[in-house]
Amino acid sequence: MALPTWDDPEPLALDTAPVPEYGAGSLADLLPTLAAGMGVPGTSAAIPELTATDRACVFLVDGLGWEQLQAHPDEAPYMTALLESSRGGTGRPITAGYPATTATSLASVGTGLPPGAHGLPGYTVRNPQTEELMNQLRWQPWTAPRVWQPYPTIFQRADQAGVHTAQVTAPAFQNTPLTQIALSGGAFHGRLSGDDRMDLAAEQLAAGDRALIYTYYSELDGAGHRFGVDSDAWRGQLMYVDRLVQRLAEQLPPRTALYVTADHGMLDIPFDEQHRIDFDEDWELRAGVALLGGEGRARHVYAVRGAESDVLTCWREVLGEQFWIASRDEAIEAGWFGPHIDERVYARLGDVIAAARDDVLIIASEREPKESAMVGNHGSMTPSEQLVPLLEVRS
């Protein structure tokens, strides 16, 4: 009798990863399209479904994914009624960009560039000059902002072209490095309450014949991380966001387009060993790894010099059925970070890059205790994380 044989499982093929729609329908394409419609030099209309307007407001709701919004019509009746208006009336979402995380997405929005160009390609990445992990959301350890991200923002270009430009958000964000390199240009107006931000955003839209205004709300994302998108706390925040959108929409001055979008979606990950793989307790995954960057669903893995191919092989063998596992060059060739990579950005990317397909995380319970305890997570290229709305209201 012949003995049974078992074939080694095949890792996920990299060409099955749903690469973001850079150049035609991603967050990086939004502001250049709006600015081009106002005649701002150096910008071009990249999202063909959008039509030009004299005044535009982008309301970015942190964590408002397309799939999560579709799943909650009762909590968000106003935005649900706008779903057919998304992406210029096509009823389709746009993509965040990889990784689908706040620092990366806000830099893409503000600069109009994909991650491979603006250089914020993850939650934490290696600084090649110091060989340390740099947290690009909290900007720790300190790094000169304009060295890290040297390109001008779309707001700066619009302001220089005579467009009335303003950011209306929480006062605490005024002087942060992330604001400096991604969202600066024109005037900054800090307001604590969401209602006050909506009212002031409407006033700022009316302050110029051409106006480009940005406003932001973060608490939906916070509720998702802490309690999950299946929680009453998250639903309560979504209800409030829905009222904010309606409040702003009802105050739009003439010749204005309001766009409601997000930096990423989110999904809840169960708290068990099957769904949360602990890097700090897994000797196979740790072997040959000098630094673990990124976040649970979008990891940058930096190998000890000379161990790059061994780490890639090991991660594919251990995780390849659940994650798309790519070398740095493979991820670049596949376009994960955009159509090209700036030279200064190349070494910030992991030697190995792991993007989750399944409902699973690579946590690090000792190195990242707070992040490892989050209920809601994001970062990868799945529809739950990657797809975001582009709801439109015109006056």
# chains A, B, ... in the order shown; residues from 1 in each chain; ligands from 1
>>> residues_around(residues="region 362-374 of chain A", least_positions_apart="6", cutoff="10 Å", atoms="only C-alpha atoms", output="count of residues only")
29
>>> atom_distance(atom1="CA of Ala182 (chain A)", atom2="CA of Thr215 (chain A)")
13.5 Å
>>> atom_distance(atom1="CA of Ala96 (chain A)", atom2="CA of Phe59 (chain A)")
14.7 Å
>>> closest_residue(among="A:Gly288, A:Thr153, A:Gly63, A:Gln70", to="Glu84 (chain A)", atoms="only C-alpha atoms")
A:Gln70
>>> atom_distance(atom1="CA of Gly265 (chain A)", atom2="CA of Ser384 (chain A)")
5.6 Å
>>> residues_around(residues="Val58 (chain A)", least_positions_apart="4", cutoff="7 Å", atoms="only C-alpha atoms", output="short mmCIF file (atom, residue, chain, number, x, y, z; two decimals) with all heavy atoms, in the first residue's frame")
data_model
loop_
_atom_site.label_atom_id
_atom_site.label_comp_id
_atom_site.auth_asym_id
_atom_site.auth_seq_id
_atom_site.Cartn_x
_atom_site.Cartn_y
_atom_site.Cartn_z
N ILE A 213 -10.91 73.69 1.44
CA ILE A 213 -10.99 73.58 2.90
C ILE A 213 -10.92 72.10 3.29
O ILE A 213 -11.53 71.24 2.65
CB ILE A 213 -12.29 74.20 3.44
CG1 ILE A 213 -12.48 75.62 2.88
CG2 ILE A 213 -12.29 74.20 4.97
CD1 ILE A 213 -11.36 76.58 3.22
N TYR A 214 -10.20 71.84 4.38
CA TYR A 214 -10.06 70.47 4.91
C TYR A 214 -10.53 70.46 6.35
O TYR A 214 -10.17 71.35 7.15
CB TYR A 214 -8.60 70.04 4.83
CG TYR A 214 -8.25 68.77 5.57
CD1 TYR A 214 -8.38 67.52 4.95
CD2 TYR A 214 -7.76 68.81 6.87
CE1 TYR A 214 -8.03 66.35 5.62
CE2 TYR A 214 -7.41 67.64 7.55
CZ TYR A 214 -7.55 66.42 6.93
OH TYR A 214 -7.20 65.27 7.59
N THR A 215 -11.32 69.46 6.70
CA THR A 215 -11.70 69.26 8.10
C THR A 215 -11.66 67.77 8.41
O THR A 215 -11.70 66.93 7.51
CB THR A 215 -13.07 69.90 8.41
OG1 THR A 215 -13.30 69.86 9.82
CG2 THR A 215 -14.19 69.20 7.67
N LEU A 258 -18.85 69.30 -1.40
CA LEU A 258 -18.37 68.67 -0.18
C LEU A 258 -18.06 67.21 -0.49
O LEU A 258 -18.89 66.50 -1.07
CB LEU A 258 -19.45 68.75 0.92
CG LEU A 258 -19.24 67.85 2.15
CD1 LEU A 258 -17.98 68.25 2.91
CD2 LEU A 258 -20.48 67.90 3.05
N TYR A 259 -16.87 66.77 -0.10
CA TYR A 259 -16.47 65.37 -0.27
C TYR A 259 -16.18 64.77 1.09
O TYR A 259 -15.34 65.28 1.84
CB TYR A 259 -15.23 65.26 -1.17
CG TYR A 259 -15.50 65.66 -2.60
CD1 TYR A 259 -15.12 66.93 -3.06
CD2 TYR A 259 -16.15 64.80 -3.47
CE1 TYR A 259 -15.38 67.31 -4.37
CE2 TYR A 259 -16.42 65.18 -4.78
CZ TYR A 259 -16.03 66.43 -5.22
OH TYR A 259 -16.29 66.81 -6.51
N VAL A 260 -16.89 63.70 1.41
CA VAL A 260 -16.69 62.98 2.66
C VAL A 260 -15.93 61.70 2.35
O VAL A 260 -16.39 60.87 1.55
CB VAL A 260 -18.03 62.65 3.34
CG1 VAL A 260 -17.78 61.92 4.66
CG2 VAL A 260 -18.84 63.92 3.57
#
>>> decode(residues="region 191-207 of chain A", atoms="N, CA, C and O atoms", output="PDB file, in the first residue's frame")
ATOM      1  N   ARG A 191     -10.569  73.869  16.417  1.00  0.00           N
ATOM      2  CA  ARG A 191     -11.838  73.856  17.130  1.00  0.00           C
ATOM      3  C   ARG A 191     -12.000  72.497  17.807  1.00  0.00           C
ATOM      4  O   ARG A 191     -11.748  71.456  17.197  1.00  0.00           O
ATOM      5  N   LEU A 192     -12.437  72.513  19.059  1.00  0.00           N
ATOM      6  CA  LEU A 192     -12.524  71.268  19.817  1.00  0.00           C
ATOM      7  C   LEU A 192     -13.704  70.407  19.398  1.00  0.00           C
ATOM      8  O   LEU A 192     -13.577  69.192  19.239  1.00  0.00           O
ATOM      9  N   SER A 193     -14.862  70.999  19.212  1.00  0.00           N
ATOM     10  CA  SER A 193     -16.053  70.181  18.955  1.00  0.00           C
ATOM     11  C   SER A 193     -16.258  69.976  17.464  1.00  0.00           C
ATOM     12  O   SER A 193     -15.931  70.826  16.635  1.00  0.00           O
ATOM     13  N   GLY A 194     -16.832  68.841  17.139  1.00  0.00           N
ATOM     14  CA  GLY A 194     -17.160  68.558  15.753  1.00  0.00           C
ATOM     15  C   GLY A 194     -18.145  69.550  15.180  1.00  0.00           C
ATOM     16  O   GLY A 194     -18.018  69.971  14.020  1.00  0.00           O
ATOM     17  N   ASP A 195     -19.141  69.950  15.946  1.00  0.00           N
ATOM     18  CA  ASP A 195     -20.128  70.919  15.473  1.00  0.00           C
ATOM     19  C   ASP A 195     -19.463  72.242  15.113  1.00  0.00           C
ATOM     20  O   ASP A 195     -19.760  72.841  14.065  1.00  0.00           O
ATOM     21  N   ASP A 196     -18.548  72.707  15.976  1.00  0.00           N
ATOM     22  CA  ASP A 196     -17.856  73.957  15.691  1.00  0.00           C
ATOM     23  C   ASP A 196     -17.011  73.849  14.424  1.00  0.00           C
ATOM     24  O   ASP A 196     -16.898  74.813  13.664  1.00  0.00           O
ATOM     25  N   ARG A 197     -16.411  72.699  14.204  1.00  0.00           N
ATOM     26  CA  ARG A 197     -15.610  72.522  12.988  1.00  0.00           C
ATOM     27  C   ARG A 197     -16.475  72.615  11.744  1.00  0.00           C
ATOM     28  O   ARG A 197     -16.085  73.221  10.739  1.00  0.00           O
ATOM     29  N   MET A 198     -17.645  72.007  11.789  1.00  0.00           N
ATOM     30  CA  MET A 198     -18.530  72.060  10.622  1.00  0.00           C
ATOM     31  C   MET A 198     -18.963  73.500  10.326  1.00  0.00           C
ATOM     32  O   MET A 198     -18.956  73.945   9.170  1.00  0.00           O
ATOM     33  N   ASP A 199     -19.320  74.232  11.369  1.00  0.00           N
ATOM     34  CA  ASP A 199     -19.777  75.607  11.179  1.00  0.00           C
ATOM     35  C   ASP A 199     -18.656  76.483  10.620  1.00  0.00           C
ATOM     36  O   ASP A 199     -18.871  77.285   9.704  1.00  0.00           O
ATOM     37  N   LEU A 200     -17.448  76.313  11.166  1.00  0.00           N
ATOM     38  CA  LEU A 200     -16.334  77.125  10.705  1.00  0.00           C
ATOM     39  C   LEU A 200     -15.889  76.722   9.302  1.00  0.00           C
ATOM     40  O   LEU A 200     -15.506  77.581   8.490  1.00  0.00           O
ATOM     41  N   ALA A 201     -15.944  75.426   8.992  1.00  0.00           N
ATOM     42  CA  ALA A 201     -15.602  74.993   7.634  1.00  0.00           C
ATOM     43  C   ALA A 201     -16.529  75.649   6.615  1.00  0.00           C
ATOM     44  O   ALA A 201     -16.088  76.090   5.546  1.00  0.00           O
ATOM     45  N   ALA A 202     -17.814  75.730   6.943  1.00  0.00           N
ATOM     46  CA  ALA A 202     -18.758  76.385   6.034  1.00  0.00           C
ATOM     47  C   ALA A 202     -18.425  77.870   5.876  1.00  0.00           C
ATOM     48  O   ALA A 202     -18.490  78.419   4.769  1.00  0.00           O
ATOM     49  N   GLU A 203     -18.043  78.514   6.970  1.00  0.00           N
ATOM     50  CA  GLU A 203     -17.661  79.927   6.890  1.00  0.00           C
ATOM     51  C   GLU A 203     -16.422  80.104   6.014  1.00  0.00           C
ATOM     52  O   GLU A 203     -16.338  81.043   5.208  1.00  0.00           O
ATOM     53  N   GLN A 204     -15.457  79.224   6.174  1.00  0.00           N
ATOM     54  CA  GLN A 204     -14.226  79.326   5.398  1.00  0.00           C
ATOM     55  C   GLN A 204     -14.476  79.077   3.912  1.00  0.00           C
ATOM     56  O   GLN A 204     -13.831  79.686   3.054  1.00  0.00           O
ATOM     57  N   LEU A 205     -15.391  78.206   3.591  1.00  0.00           N
ATOM     58  CA  LEU A 205     -15.732  77.987   2.182  1.00  0.00           C
ATOM     59  C   LEU A 205     -16.266  79.253   1.530  1.00  0.00           C
ATOM     60  O   LEU A 205     -15.999  79.522   0.351  1.00  0.00           O
ATOM     61  N   ALA A 206     -17.008  80.031   2.298  1.00  0.00           N
ATOM     62  CA  ALA A 206     -17.610  81.255   1.757  1.00  0.00           C
ATOM     63  C   ALA A 206     -16.644  82.432   1.749  1.00  0.00           C
ATOM     64  O   ALA A 206     -16.978  83.498   1.226  1.00  0.00           O
ATOM     65  N   ALA A 207     -15.427  82.230   2.277  1.00  0.00           N
ATOM     66  CA  ALA A 207     -14.498  83.355   2.437  1.00  0.00           C
ATOM     67  C   ALA A 207     -13.709  83.681   1.177  1.00  0.00           C
ATOM     68  O   ALA A 207     -12.965  84.652   1.169  1.00  0.00           O
TER      69      ALA A 207
END
